[in-house]
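query.txt (compact mmCIF, C-alpha atoms and all ligand atoms) appears below.
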# COMPACT_ATOMS: atom_id res chain seq x y z
CA MET A 30 -14.36 -57.13 -6.87
CA ARG A 31 -13.08 -54.06 -4.99
CA LYS A 32 -11.51 -51.52 -7.36
CA LYS A 33 -8.22 -49.96 -6.42
CA ILE A 34 -8.07 -46.22 -7.14
CA ILE A 35 -4.90 -44.16 -6.74
CA THR A 36 -5.67 -40.52 -5.91
CA ILE A 37 -2.99 -37.96 -6.76
CA ILE A 38 -2.76 -34.85 -4.63
CA GLY A 39 0.01 -32.28 -4.40
CA ALA A 40 -1.08 -28.66 -4.37
CA ARG A 41 -3.24 -27.17 -1.63
CA PRO A 42 -6.57 -27.11 -3.52
CA GLN A 43 -6.24 -30.78 -4.45
CA ILE A 44 -5.73 -31.81 -0.87
CA ILE A 45 -8.91 -29.91 -0.01
CA LYS A 46 -10.87 -31.35 -2.95
CA SER A 47 -9.78 -34.90 -2.16
CA SER A 48 -11.52 -34.83 1.19
CA ALA A 49 -14.95 -34.98 -0.49
CA MET A 50 -14.04 -38.19 -2.31
CA SER A 51 -12.30 -39.79 0.67
CA ARG A 52 -15.36 -39.03 2.79
CA ALA A 53 -17.77 -40.52 0.24
CA ILE A 54 -15.63 -43.64 -0.23
CA SER A 55 -15.24 -44.33 3.49
CA LYS A 56 -18.90 -43.59 4.30
CA HIS A 57 -20.70 -45.30 1.42
CA PHE A 58 -18.42 -47.17 -0.97
CA SER A 59 -15.66 -48.85 1.04
CA GLU A 60 -16.85 -52.33 0.00
CA SER A 61 -16.41 -51.50 -3.68
CA LEU A 62 -13.58 -48.97 -3.74
CA GLU A 63 -10.13 -48.94 -2.16
CA GLU A 64 -8.37 -45.57 -2.21
CA ILE A 65 -4.58 -45.23 -2.19
CA ILE A 66 -3.48 -41.61 -1.73
CA VAL A 67 -0.24 -40.35 -3.26
CA HIS A 68 1.05 -36.88 -2.32
CA THR A 69 3.54 -35.54 -4.85
CA GLY A 70 4.91 -33.05 -2.32
CA GLN A 71 4.31 -30.08 -4.67
CA HIS A 72 3.13 -28.17 -1.59
CA TYR A 73 5.02 -29.01 1.57
CA ASP A 74 4.77 -26.18 4.13
CA ALA A 75 2.57 -27.23 7.06
CA GLY A 76 0.12 -24.40 6.33
CA MET A 77 -0.14 -25.44 2.67
CA SER A 78 -0.56 -29.17 3.25
CA GLU A 79 -0.58 -30.79 6.72
CA VAL A 80 -3.24 -28.51 8.21
CA PHE A 81 -5.87 -29.81 5.77
CA PHE A 82 -5.24 -33.48 6.58
CA ASN A 83 -5.80 -32.74 10.24
CA GLU A 84 -8.86 -30.53 10.13
CA MET A 85 -10.62 -32.17 7.17
CA ASN A 86 -9.99 -35.69 8.35
CA ILE A 87 -8.23 -36.76 5.16
CA PRO A 88 -6.49 -40.15 5.36
CA LYS A 89 -2.70 -39.90 5.55
CA PRO A 90 -1.07 -40.41 2.13
CA HIS A 91 0.23 -43.93 1.51
CA HIS A 92 3.12 -42.46 -0.50
CA ASN A 93 4.79 -39.02 -0.56
CA LEU A 94 7.24 -38.16 -3.32
CA HIS A 95 8.49 -34.97 -1.62
CA VAL A 96 9.27 -33.35 -4.99
CA GLY A 97 9.13 -29.80 -3.58
CA SER A 98 9.38 -26.64 -5.67
CA GLY A 99 11.18 -26.21 -8.99
CA SER A 100 10.73 -25.10 -12.58
CA HIS A 101 7.70 -26.56 -14.35
CA GLY A 102 9.80 -29.08 -16.25
CA ALA A 103 11.94 -30.19 -13.33
CA GLN A 104 9.04 -30.44 -10.90
CA THR A 105 6.74 -32.29 -13.31
CA ALA A 106 9.50 -34.67 -14.45
CA LYS A 107 10.35 -35.70 -10.89
CA MET A 108 6.69 -36.40 -10.24
CA ILE A 109 6.25 -38.51 -13.38
CA GLU A 110 9.27 -40.64 -12.55
CA GLY A 111 8.14 -41.26 -8.97
CA LEU A 112 4.51 -41.85 -9.86
CA GLU A 113 5.30 -44.38 -12.57
CA LEU A 114 7.16 -46.55 -10.05
CA ILE A 115 4.28 -46.38 -7.58
CA PHE A 116 1.73 -47.24 -10.28
CA GLN A 117 3.82 -50.25 -11.31
CA GLN A 118 3.97 -51.49 -7.71
CA GLU A 119 0.36 -50.78 -6.77
CA LYS A 120 -1.25 -51.82 -10.08
CA PRO A 121 -4.39 -49.69 -9.62
CA ASP A 122 -7.58 -50.00 -11.66
CA ALA A 123 -7.50 -46.23 -12.23
CA VAL A 124 -5.63 -43.08 -11.31
CA LEU A 125 -7.74 -40.14 -10.16
CA VAL A 126 -6.48 -36.58 -10.62
CA TYR A 127 -7.96 -33.22 -9.69
CA GLY A 128 -7.94 -29.86 -11.42
CA ASP A 129 -5.06 -28.39 -13.36
CA THR A 130 -1.79 -28.29 -11.45
CA ASN A 131 1.56 -29.84 -12.27
CA SER A 132 0.60 -32.76 -10.01
CA THR A 133 -2.50 -33.29 -12.17
CA ILE A 134 -0.65 -33.51 -15.46
CA ALA A 135 2.13 -35.64 -13.98
CA GLY A 136 -0.37 -38.17 -12.62
CA ALA A 137 -2.34 -38.31 -15.86
CA LEU A 138 0.70 -38.64 -18.11
CA ALA A 139 2.42 -41.28 -15.99
CA ALA A 140 -0.77 -43.37 -15.86
CA ALA A 141 -1.96 -43.00 -19.45
CA LYS A 142 1.43 -44.01 -20.87
CA ILE A 143 1.33 -47.33 -19.04
CA HIS A 144 -2.33 -47.91 -19.91
CA ILE A 145 -3.91 -47.18 -16.56
CA PRO A 146 -7.26 -45.38 -16.99
CA VAL A 147 -7.22 -41.75 -15.85
CA VAL A 148 -10.17 -40.19 -14.04
CA HIS A 149 -10.24 -36.39 -14.20
CA ILE A 150 -12.30 -34.46 -11.68
CA GLU A 151 -12.91 -30.83 -12.68
CA ALA A 152 -12.71 -31.68 -16.37
CA GLY A 153 -13.66 -29.35 -19.22
CA LEU A 154 -12.79 -26.02 -17.62
CA ARG A 155 -11.06 -23.59 -19.94
CA SER A 156 -9.68 -20.07 -19.61
CA PHE A 157 -8.78 -19.96 -23.34
CA ASN A 158 -5.42 -18.54 -22.30
CA LYS A 159 -2.63 -20.99 -23.03
CA SER A 160 -0.01 -18.78 -21.40
CA MET A 161 -1.37 -20.14 -18.10
CA PRO A 162 0.40 -23.35 -17.11
CA GLU A 163 -2.94 -24.54 -15.72
CA GLU A 164 -4.64 -24.27 -19.13
CA ILE A 165 -2.04 -26.56 -20.70
CA ASN A 166 -2.36 -28.97 -17.79
CA ARG A 167 -6.14 -29.18 -17.94
CA ILE A 168 -6.49 -29.53 -21.72
CA THR A 169 -3.87 -32.26 -22.01
CA CYS A 170 -5.18 -34.07 -18.95
CA ASP A 171 -8.72 -34.16 -20.36
CA HIS A 172 -7.46 -35.69 -23.58
CA MET A 173 -5.66 -38.50 -21.72
CA SER A 174 -8.62 -39.38 -19.52
CA SER A 175 -11.06 -42.27 -19.67
CA LEU A 176 -13.60 -40.85 -17.22
CA LEU A 177 -14.21 -37.09 -17.11
CA PHE A 178 -16.32 -35.35 -14.48
CA THR A 179 -17.17 -31.76 -15.18
CA PRO A 180 -18.49 -29.42 -12.48
CA THR A 181 -20.44 -27.07 -14.76
CA ALA A 182 -22.58 -26.91 -17.90
CA THR A 183 -19.86 -24.67 -19.36
CA GLY A 184 -17.32 -27.46 -18.86
CA LEU A 185 -19.58 -29.96 -20.61
CA ASN A 186 -19.97 -27.62 -23.62
CA ASN A 187 -16.21 -27.10 -23.80
CA LEU A 188 -15.60 -30.85 -23.91
CA GLN A 189 -18.25 -31.36 -26.56
CA ARG A 190 -16.67 -28.64 -28.68
CA GLU A 191 -13.30 -30.39 -28.41
CA GLY A 192 -14.81 -33.54 -29.86
CA PHE A 193 -15.80 -35.54 -26.77
CA SER A 194 -18.95 -37.58 -27.29
CA LEU A 195 -21.58 -37.22 -24.61
CA GLU A 196 -22.87 -40.75 -25.35
CA THR A 197 -21.59 -43.02 -22.59
CA GLU A 198 -20.31 -46.57 -23.13
CA THR A 199 -20.60 -49.48 -20.69
CA LYS A 200 -16.85 -49.32 -20.16
CA ALA A 201 -14.94 -46.03 -20.26
CA THR A 202 -11.61 -46.17 -22.08
CA ILE A 203 -9.03 -43.64 -23.23
CA ASP A 204 -10.26 -44.03 -26.83
CA SER A 205 -13.90 -43.93 -25.86
CA PRO A 206 -14.08 -41.82 -22.71
CA ASN A 207 -17.24 -41.25 -20.68
CA VAL A 208 -18.06 -37.65 -19.78
CA TYR A 209 -20.40 -36.69 -16.94
CA HIS A 210 -21.65 -33.35 -15.64
CA CYS A 211 -21.83 -34.05 -11.92
CA GLY A 212 -21.60 -30.74 -10.07
CA ASP A 213 -18.69 -29.39 -8.11
CA ILE A 214 -17.08 -31.42 -5.34
CA MET A 215 -15.99 -28.13 -3.77
CA TYR A 216 -19.65 -27.32 -3.30
CA ASP A 217 -19.93 -30.66 -1.45
CA ASN A 218 -17.02 -29.61 0.76
CA SER A 219 -18.09 -26.04 1.41
CA MET A 220 -21.55 -27.19 2.49
CA TYR A 221 -20.20 -30.00 4.65
CA PHE A 222 -17.57 -27.90 6.44
CA SER A 223 -19.63 -24.71 6.78
CA SER A 224 -21.27 -25.59 10.10
CA ILE A 225 -18.05 -27.20 11.41
CA SER A 226 -16.28 -23.92 10.64
CA ASP A 227 -18.98 -21.98 12.52
CA LYS A 228 -18.26 -24.06 15.60
CA GLN A 229 -14.50 -24.34 15.40
CA SER A 230 -12.91 -21.36 13.66
CA THR A 231 -11.71 -18.54 15.87
CA ILE A 232 -9.95 -16.53 13.18
CA LEU A 233 -12.36 -13.57 13.24
CA LYS A 234 -12.04 -13.18 16.98
CA GLU A 235 -8.27 -13.62 16.96
CA ASN A 236 -7.90 -10.83 14.43
CA GLY A 237 -10.54 -8.46 15.78
CA LEU A 238 -12.73 -8.76 12.68
CA THR A 239 -16.42 -7.88 12.58
CA ALA A 240 -18.79 -9.68 10.22
CA ASN A 241 -19.40 -7.75 6.98
CA HIS A 242 -16.87 -5.08 7.87
CA TYR A 243 -13.80 -6.40 6.12
CA ILE A 244 -12.67 -7.58 2.70
CA LEU A 245 -10.95 -10.92 2.14
CA SER A 246 -8.21 -11.00 -0.49
CA THR A 247 -5.80 -13.61 -1.83
CA ILE A 248 -3.11 -13.31 -4.52
CA HIS A 249 -0.99 -16.22 -5.72
CA ARG A 250 -1.12 -16.59 -9.56
CA ASP A 251 2.31 -16.36 -11.13
CA SER A 252 1.05 -13.72 -13.59
CA ASN A 253 0.20 -11.49 -10.60
CA THR A 254 3.02 -12.34 -8.21
CA ASP A 255 6.00 -12.64 -10.55
CA VAL A 256 5.49 -9.40 -12.53
CA ALA A 257 6.46 -6.46 -10.30
CA GLU A 258 4.10 -3.99 -11.97
CA ASN A 259 1.08 -6.30 -11.55
CA LEU A 260 1.79 -7.15 -7.93
CA HIS A 261 2.35 -3.46 -7.20
CA GLN A 262 -0.90 -2.35 -8.86
CA ILE A 263 -2.97 -4.93 -6.98
CA LEU A 264 -1.48 -4.15 -3.59
CA GLU A 265 -1.68 -0.41 -4.22
CA ALA A 266 -5.38 -0.75 -5.06
CA LEU A 267 -5.96 -2.74 -1.84
CA LEU A 268 -4.07 -0.15 0.20
CA GLU A 269 -6.07 2.67 -1.33
CA ILE A 270 -9.44 0.97 -0.73
CA SER A 271 -8.51 0.18 2.86
CA GLU A 272 -7.43 3.77 3.55
CA ASN A 273 -10.16 5.64 1.66
CA GLU A 274 -13.01 3.49 2.94
CA ASN A 275 -11.45 2.80 6.33
CA VAL A 276 -12.10 -0.89 5.84
CA LYS A 277 -9.88 -3.78 6.92
CA ILE A 278 -8.47 -6.01 4.19
CA VAL A 279 -7.41 -9.47 5.28
CA ILE A 280 -4.81 -11.20 3.10
CA PRO A 281 -3.87 -14.80 4.04
CA MET A 282 -0.69 -14.88 2.01
CA HIS A 283 0.69 -17.69 -0.15
CA PRO A 284 4.45 -18.19 0.46
CA ARG A 285 5.13 -17.39 -3.20
CA THR A 286 3.58 -13.92 -2.75
CA VAL A 287 5.54 -13.27 0.45
CA ASN A 288 8.78 -14.09 -1.39
CA LYS A 289 7.92 -12.03 -4.45
CA MET A 290 6.90 -8.98 -2.41
CA ALA A 291 10.35 -8.94 -0.82
CA GLU A 292 12.11 -9.61 -4.13
CA LEU A 293 10.22 -7.29 -6.51
CA LEU A 294 8.70 -4.38 -4.59
CA SER A 295 10.41 -1.37 -3.05
CA PRO A 296 11.15 -1.73 0.68
CA GLU A 297 9.28 1.57 1.33
CA PHE A 298 6.09 0.24 -0.28
CA VAL A 299 6.30 -3.07 1.59
CA LEU A 300 6.85 -1.20 4.86
CA ASN A 301 3.85 0.97 4.08
CA LEU A 302 1.70 -2.12 3.66
CA GLU A 303 3.04 -3.79 6.76
CA GLN A 304 2.48 -0.70 8.88
CA SER A 305 -1.02 -0.01 7.58
CA GLU A 306 -3.57 -0.56 10.36
CA ASN A 307 -6.15 -1.73 7.85
CA ILE A 308 -4.07 -4.27 5.94
CA LEU A 309 -3.80 -7.58 7.75
CA ILE A 310 -1.30 -9.95 6.18
CA LEU A 311 -1.79 -13.42 7.68
CA PRO A 312 -0.15 -16.81 7.07
CA PRO A 313 -2.04 -19.13 4.66
CA ALA A 314 -5.35 -20.09 6.28
CA GLY A 315 -6.71 -23.58 6.88
CA PHE A 316 -10.02 -24.58 5.29
CA LEU A 317 -12.19 -23.96 8.36
CA ASP A 318 -10.67 -20.50 8.78
CA ILE A 319 -10.96 -19.60 5.11
CA ILE A 320 -14.65 -20.57 5.16
CA ALA A 321 -15.19 -18.36 8.22
CA LEU A 322 -13.37 -15.49 6.49
CA GLU A 323 -15.42 -15.97 3.31
CA LYS A 324 -18.80 -16.25 5.02
CA ASN A 325 -18.30 -13.07 7.00
CA ALA A 326 -16.54 -10.87 4.44
CA GLN A 327 -18.35 -8.00 2.76
CA MET A 328 -16.53 -8.73 -0.48
CA ILE A 329 -13.78 -11.01 -1.83
CA ILE A 330 -10.91 -9.88 -4.07
CA THR A 331 -8.91 -12.83 -5.42
CA ASP A 332 -7.10 -14.55 -8.24
CA SER A 333 -7.89 -18.00 -6.83
CA GLY A 334 -10.31 -20.23 -8.72
CA GLY A 335 -11.51 -21.78 -5.47
CA LEU A 336 -12.25 -18.50 -3.71
CA GLN A 337 -14.18 -17.15 -6.70
CA LYS A 338 -16.65 -19.97 -6.40
CA GLU A 339 -16.73 -20.04 -2.63
CA ALA A 340 -17.62 -16.32 -2.78
CA PHE A 341 -20.61 -17.39 -4.87
CA PHE A 342 -21.51 -20.30 -2.54
CA PHE A 343 -21.62 -17.86 0.40
CA GLN A 344 -23.31 -15.13 -1.66
CA LYS A 345 -20.52 -12.56 -1.63
CA PRO A 346 -19.55 -10.30 -4.52
CA CYS A 347 -16.16 -11.13 -5.99
CA ILE A 348 -13.54 -9.09 -7.82
CA ILE A 349 -11.39 -11.45 -9.87
CA LEU A 350 -7.75 -10.43 -10.32
CA ARG A 351 -7.45 -12.19 -13.66
CA PRO A 352 -8.16 -11.36 -17.30
CA GLN A 353 -10.47 -14.38 -17.69
CA THR A 354 -11.90 -17.21 -15.63
CA GLU A 355 -12.89 -20.84 -16.03
CA TRP A 356 -15.92 -20.17 -13.81
CA ILE A 357 -17.52 -17.91 -16.37
CA GLU A 358 -21.11 -18.38 -15.13
CA ILE A 359 -20.52 -16.23 -12.04
CA VAL A 360 -19.26 -13.38 -14.23
CA GLU A 361 -22.12 -13.69 -16.71
CA ASN A 362 -24.59 -13.69 -13.83
CA GLY A 363 -23.10 -10.48 -12.41
CA ASN A 364 -21.74 -12.00 -9.18
CA ALA A 365 -18.11 -11.38 -10.10
CA ILE A 366 -16.15 -8.90 -12.20
CA LEU A 367 -12.89 -9.60 -14.05
CA VAL A 368 -10.36 -6.82 -13.53
CA ASP A 369 -6.97 -8.42 -14.21
CA SER A 370 -4.26 -6.65 -12.20
CA ASP A 371 -5.40 -3.17 -13.23
CA LYS A 372 -5.61 -0.75 -10.30
CA ALA A 373 -8.26 1.50 -11.87
CA ARG A 374 -10.48 -1.49 -12.69
CA ILE A 375 -10.11 -2.91 -9.18
CA LEU A 376 -11.23 0.43 -7.69
CA GLU A 377 -14.11 0.71 -10.15
CA ALA A 378 -15.34 -2.83 -9.41
CA PHE A 379 -15.09 -2.14 -5.68
CA GLU A 380 -17.21 0.99 -6.14
CA TYR A 381 -19.77 -0.95 -8.19
CA PHE A 382 -20.19 -3.78 -5.69
CA SER A 383 -20.28 -1.36 -2.75
CA ASN A 384 -23.42 0.14 -4.25
CA SER A 385 -25.25 -2.91 -5.61
CA SER A 386 -27.14 -5.57 -3.72
CA ASP A 387 -29.69 -7.22 -6.00
CA HIS A 388 -27.65 -10.29 -6.98
CA THR A 389 -29.08 -13.74 -7.70
CA TYR A 390 -27.38 -17.06 -6.94
CA PRO A 391 -28.70 -19.76 -9.29
CA ASN A 392 -27.73 -23.39 -8.74
CA PHE A 393 -24.68 -23.60 -11.04
CA TYR A 394 -22.69 -26.12 -8.99
CA GLY A 395 -24.89 -29.11 -8.27
CA ASP A 396 -26.53 -30.57 -5.18
CA GLY A 397 -23.58 -31.16 -2.85
CA LYS A 398 -23.45 -34.87 -3.79
CA ALA A 399 -20.96 -34.80 -6.66
CA ALA A 400 -18.51 -37.12 -4.88
CA GLU A 401 -21.13 -39.85 -4.42
CA PHE A 402 -22.08 -39.63 -8.08
CA ILE A 403 -18.41 -39.98 -9.07
CA CYS A 404 -17.95 -43.03 -6.83
CA GLN A 405 -20.92 -44.74 -8.48
CA LYS A 406 -19.42 -44.18 -11.92
CA LEU A 407 -16.00 -45.45 -10.80
CA ILE A 408 -17.72 -48.68 -9.85
CA SER A 409 -19.89 -49.00 -12.96
CA ASP A 410 -17.73 -47.57 -15.79
CA LEU A 411 -14.15 -48.74 -15.21
C1 LIG B 501 0.04 -24.18 -7.73
C2 LIG B 501 -0.73 -24.45 -9.02
C3 LIG B 501 -1.89 -23.49 -9.13
C4 LIG B 501 -2.76 -23.53 -7.89
C5 LIG B 501 -1.88 -23.28 -6.67
C6 LIG B 501 -2.66 -23.36 -5.38
C7 LIG B 501 0.67 -25.31 -10.86
C8 LIG B 501 1.26 -24.99 -12.17
N1 LIG B 501 0.11 -24.28 -10.20
O1 LIG B 501 0.57 -22.85 -7.82
O2 LIG B 501 -2.69 -23.86 -10.25
O3 LIG B 501 -3.76 -22.56 -7.99
O4 LIG B 501 -0.84 -24.27 -6.63
O5 LIG B 501 -1.92 -22.89 -4.29
O6 LIG B 501 0.70 -26.44 -10.45
N2 LIG B 501 5.96 -22.55 -1.99
C9 LIG B 501 6.32 -22.60 -0.67
N3 LIG B 501 5.76 -23.59 0.12
C10 LIG B 501 4.89 -24.52 -0.37
C11 LIG B 501 4.55 -24.45 -1.72
C12 LIG B 501 5.08 -23.47 -2.53
O7 LIG B 501 7.10 -21.79 -0.19
O8 LIG B 501 4.43 -25.37 0.39
C13 LIG B 501 6.51 -21.45 -2.84
C14 LIG B 501 7.82 -21.79 -3.52
O9 LIG B 501 8.56 -20.63 -3.61
C15 LIG B 501 7.36 -22.20 -4.90
C16 LIG B 501 6.20 -21.26 -5.12
O10 LIG B 501 5.58 -21.14 -3.86
O11 LIG B 501 8.34 -22.07 -5.87
C17 LIG B 501 5.21 -21.73 -6.14
O12 LIG B 501 4.73 -23.04 -5.82
P1 LIG B 501 4.14 -23.99 -6.99
O13 LIG B 501 3.65 -25.25 -6.40
O14 LIG B 501 5.14 -24.09 -8.08
O15 LIG B 501 2.96 -23.15 -7.59
P2 LIG B 501 1.75 -22.37 -6.88
O16 LIG B 501 1.93 -20.93 -7.13
O17 LIG B 501 1.54 -22.81 -5.48
Once you've parsed the file, please lay out its structure as structure tokens.
Amino acid sequence: MRKKIITIIGARPQIIKSSAMSRAISKHFSESLEEIIVHTGQHYDAGMSEVFFNEMNIPKPHHNLHVGSGSHGAQTAKMIEGLELIFQQEKPDAVLVYGDTNSTIAGALAAAKIHIPVVHIEAGLRSFNKSMPEEINRITCDHMSSLLFTPTATGLNNLQREGFSLETETKATIDSPNVYHCGDIMYDNSMYFSSISDKQSTILKENGLTANHYILSTIHRDSNTDVAENLHQILEALLEISENENVKIVIPMHPRTVNKMAELLSPEFVLNLEQSENILILPPAGFLDIIALEKNAQMIITDSGGLQKEAFFFQKPCIILRPQTEWIEIVENGNAILVDSDKARILEAFEYFSNSSDHTYPNFYGDGKAAEFICQKLISDL
């Protein structure tokens, strides 16, 4: 019998991640799996949501809760209420959630409480920093799940340490969950869309960028955007690098960062940034454009989990604007350096990577077929 899976998406990275599963289901597993997509509406601007459906060929959501922005509690509560109703109507065999956002925890909690098995993709990742909302979301989600798919060996070890058994049962349940290390579905996506991006993206040309002569940077974590001192230090470091080295820095900017720059920083400093010839603040980029920007950058400076790894996929050094990361293997292997929001450390890391080239890129993230593996387990283990 065909199994009905409800996929929850909401924030930008989940929309992107979901395309790997939707592609695998429609290409290889449509006789065994039916996918119903529910968008919580956590991200709603066209550049944060709609663009990905169009360019990545993601099926239109069957339901959209339009919850919009709000405090953690208010936003998550609205999602739980809406999702529970949809789950009761649709009666799925499982609810599939991605990553660690408020949409993830809302989907998992609403499903687990009414005894619908939860499938967590990107399970087991830990920053060991519970002041991050994402850390709370990912830990609690893992412990409500019946099927857990971890992208890395680190994730598998974390789950084992938290008491998950790595023995798998014929049927995965919340009390006896099955855990699999399957590789990273974002590696699937980056490989799949890389050549499409080569053909279709015009972002370098539009912005007068030359391959390997610019730095790509993104900043959106609340700990960086909502604390004036941190945001100021990061942007000051970027300004200084761009001026001293005469190198362009491209910043596709999350709406949260745009708002916080205006709210928290001095108008003189913001004007300085905006008038700098070497700082290019762009609207949020689509996936094909971000791949083009990543593949051709000389270096990436980011607080995004996705960009850290994509830097590794495309063999670029990465400066991570966070105190710790869930993707620890790229730091341990010397491909990335953690600098938090400390200006001096950002400059030091930039200096280091500008003068080093002998990096290795071991296969940490699988074979590009994680989504197919997951589909097989949805069929066999639920
Ligand atoms: C969320 C995730 C984060 C993920 C990020 C990817 C949580 C707790 N955080 O953070 O893990 O890395 O998505 O982008 O779920 N806004 C808009 N338009 C939009 C969306 C947001 O203007 O389409 C603005 C609003 O001012 C909003 C703010 O951005 O309050 C923050 O949005 P929110 O979804 O709460 O968190 P993100 O920072 O996007």
* Pick out the residues no farther than 9 Å from ligand LIG 501 (chain B), counting all atoms listed in the file, and list them as JSON, numbers by chain. => {"A": [39, 40, 41, 42, 43, 70, 71, 72, 73, 74, 75, 76, 77, 78, 97, 98, 99, 100, 101, 104, 105, 128, 129, 130, 131, 132, 133, 134, 161, 162, 163, 166, 249, 250, 251, 254, 283, 284, 285, 286, 287, 288, 289, 332, 333, 334, 335]}
Could the residues of range 80-199 of chain A that have an atom at most 10 Å from range 351-369 of chain A be listed as JSON lines, each with its closest atom pair and the distance in Å to one decimal, counting all atoms listed in the file and ordered by chain and ascending residue number?
{"residue": "A:Gly153", "atom": "CA", "partner": "A:Glu355", "partner_atom": "CA", "distance": 9.1}
{"residue": "A:Leu154", "atom": "CA", "partner": "A:Glu355", "partner_atom": "CA", "distance": 5.4}
{"residue": "A:Arg155", "atom": "CA", "partner": "A:Glu355", "partner_atom": "CA", "distance": 5.1}
{"residue": "A:Ser156", "atom": "CA", "partner": "A:Glu355", "partner_atom": "CA", "distance": 4.9}
{"residue": "A:Phe157", "atom": "CA", "partner": "A:Gln353", "partner_atom": "CA", "distance": 8.1}
{"residue": "A:Asn158", "atom": "CA", "partner": "A:Gln353", "partner_atom": "CA", "distance": 8.0}
{"residue": "A:Glu164", "atom": "CA", "partner": "A:Glu355", "partner_atom": "CA", "distance": 9.5}
{"residue": "A:Pro180", "atom": "CA", "partner": "A:Trp356", "partner_atom": "CA", "distance": 9.7}
{"residue": "A:Thr181", "atom": "CA", "partner": "A:Trp356", "partner_atom": "CA", "distance": 8.3}
{"residue": "A:Ala182", "atom": "CA", "partner": "A:Glu358", "partner_atom": "CA", "distance": 9.1}
{"residue": "A:Thr183", "atom": "CA", "partner": "A:Glu358", "partner_atom": "CA", "distance": 7.7}
{"residue": "A:Gly184", "atom": "CA", "partner": "A:Glu355", "partner_atom": "CA", "distance": 8.5}
* To do: Give the answer as one residue: which of A:Ile270, A:Lys33, A:Thr247, A:Gln304 has the shortest atom-to-atom distance to Glu377 in chain A, using all atoms listed in the file?
  => A:Ile270
* To do: Find the spatial neighbours of range 57-69 of chain A, counting all atoms listed in the file, within a cut-off of 10 Å - ignore same-chain residues fewer than 6 positions away - and output them as a ChimeraX atom specification.
  => /A:30-40,43-44,47,50-51,78,87-97,104-105,107-109,111-112,115,119,121-122,124-125,131-133,135-136,401,404-405,407-408
* To do: Mind giving me the straight-line distance from CA of Ala141 in chain A to CA of Asp171 in chain A in Å, one decimal?
  =>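 Computed distance, CA of Ala141 in chain A to CA of Asp171 in chain A, equals 11.2 Å.
CA of Asp255 in chain A is positioned 9.0 Å from CA of Met290 in chain A.
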* Excluding Ala49 in chain A and any residue of its chain fewer than 2 positions from it, enumerate the residues within 9 Å of it, using all atoms listed in the file, and give them as a list in words. => Ile45, Lys46, Ser47, Ser51, Arg52, Ala53, Ile54, Ile87, Ile214, Met215, Asp217, Asn218, Tyr221, Ala399, Ala400 and Glu401 of chain A
* Please determine the residues with any atom at most 7 Å from (-10.3, -43.9, -19.6) (coordinates as given in the file, with only C-alpha atoms counting) and report them as JSON, numbers by chain. => {"A": [146, 147, 148, 174, 175, 176, 201, 202, 203, 206]}
Padding 8 Å on each side, edges along x, y and z: where is the centre of the box around the listed atoms of range 175-193 of chain A, and how long are its edges in Å to one decimal? Output it as JSON.
{"center_x": -16.8, "center_y": -33.5, "center_z": -21.2, "size_x": 27.5, "size_y": 33.6, "size_z": 33.4}
* Write out as a PyMOL selection string each polymer residue whose atoms come within 6 Å of Gln327 in chain A, counting only C-alpha atoms; drop sequence neighbours fewer than 5 positions from it. => chain A and resi 241+243-244
* Asked: Quick one, how far is CA of Leu311 in chain A from CA of Ala257 in chain A?
  ->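 These atoms are spaced 21.0 Å apart.
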* Structure fact -> One residue among A:Lys200, A:Lys406, A:His210, A:His172 is nearest to Asn186 in chain A when using all atoms listed in the file, and that residue is A:His210
Reconstruct N, CA and C atoms of range 44-52 of chain A; output as a PDB file, in the frame of the given file.
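Okay, result.pdb is ready:
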ATOM      1  N   ILE A  44      -5.622 -31.144  -2.170  1.00  0.00           N
ATOM      2  CA  ILE A  44      -5.730 -31.810  -0.870  1.00  0.00           C
ATOM      3  C   ILE A  44      -7.152 -31.554  -0.345  1.00  0.00           C
ATOM      4  N   ILE A  45      -7.573 -30.293  -0.480  1.00  0.00           N
ATOM      5  CA  ILE A  45      -8.910 -29.910  -0.010  1.00  0.00           C
ATOM      6  C   ILE A  45      -9.986 -30.676  -0.797  1.00  0.00           C
ATOM      7  N   LYS A  46      -9.855 -30.674  -2.124  1.00  0.00           N
ATOM      8  CA  LYS A  46     -10.870 -31.350  -2.950  1.00  0.00           C
ATOM      9  C   LYS A  46     -10.959 -32.831  -2.602  1.00  0.00           C
ATOM     10  N   SER A  47      -9.789 -33.451  -2.350  1.00  0.00           N
ATOM     11  CA  SER A  47      -9.780 -34.900  -2.160  1.00  0.00           C
ATOM     12  C   SER A  47     -10.604 -35.321  -0.945  1.00  0.00           C
ATOM     13  N   SER A  48     -10.802 -34.415  -0.022  1.00  0.00           N
ATOM     14  CA  SER A  48     -11.520 -34.830   1.190  1.00  0.00           C
ATOM     15  C   SER A  48     -12.962 -35.236   0.874  1.00  0.00           C
ATOM     16  N   ALA A  49     -13.556 -34.620  -0.140  1.00  0.00           N
ATOM     17  CA  ALA A  49     -14.950 -34.980  -0.490  1.00  0.00           C
ATOM     18  C   ALA A  49     -15.017 -36.423  -0.981  1.00  0.00           C
ATOM     19  N   MET A  50     -14.045 -36.815  -1.793  1.00  0.00           N
ATOM     20  CA  MET A  50     -14.040 -38.190  -2.310  1.00  0.00           C
ATOM     21  C   MET A  50     -13.698 -39.190  -1.204  1.00  0.00           C
ATOM     22  N   SER A  51     -12.695 -38.861  -0.397  1.00  0.00           N
ATOM     23  CA  SER A  51     -12.300 -39.790   0.670  1.00  0.00           C
ATOM     24  C   SER A  51     -13.472 -40.007   1.631  1.00  0.00           C
ATOM     25  N   ARG A  52     -14.209 -38.931   1.895  1.00  0.00           N
ATOM     26  CA  ARG A  52     -15.360 -39.030   2.790  1.00  0.00           C
ATOM     27  C   ARG A  52     -16.439 -39.929   2.181  1.00  0.00           C
TER      28      ARG A  52
END
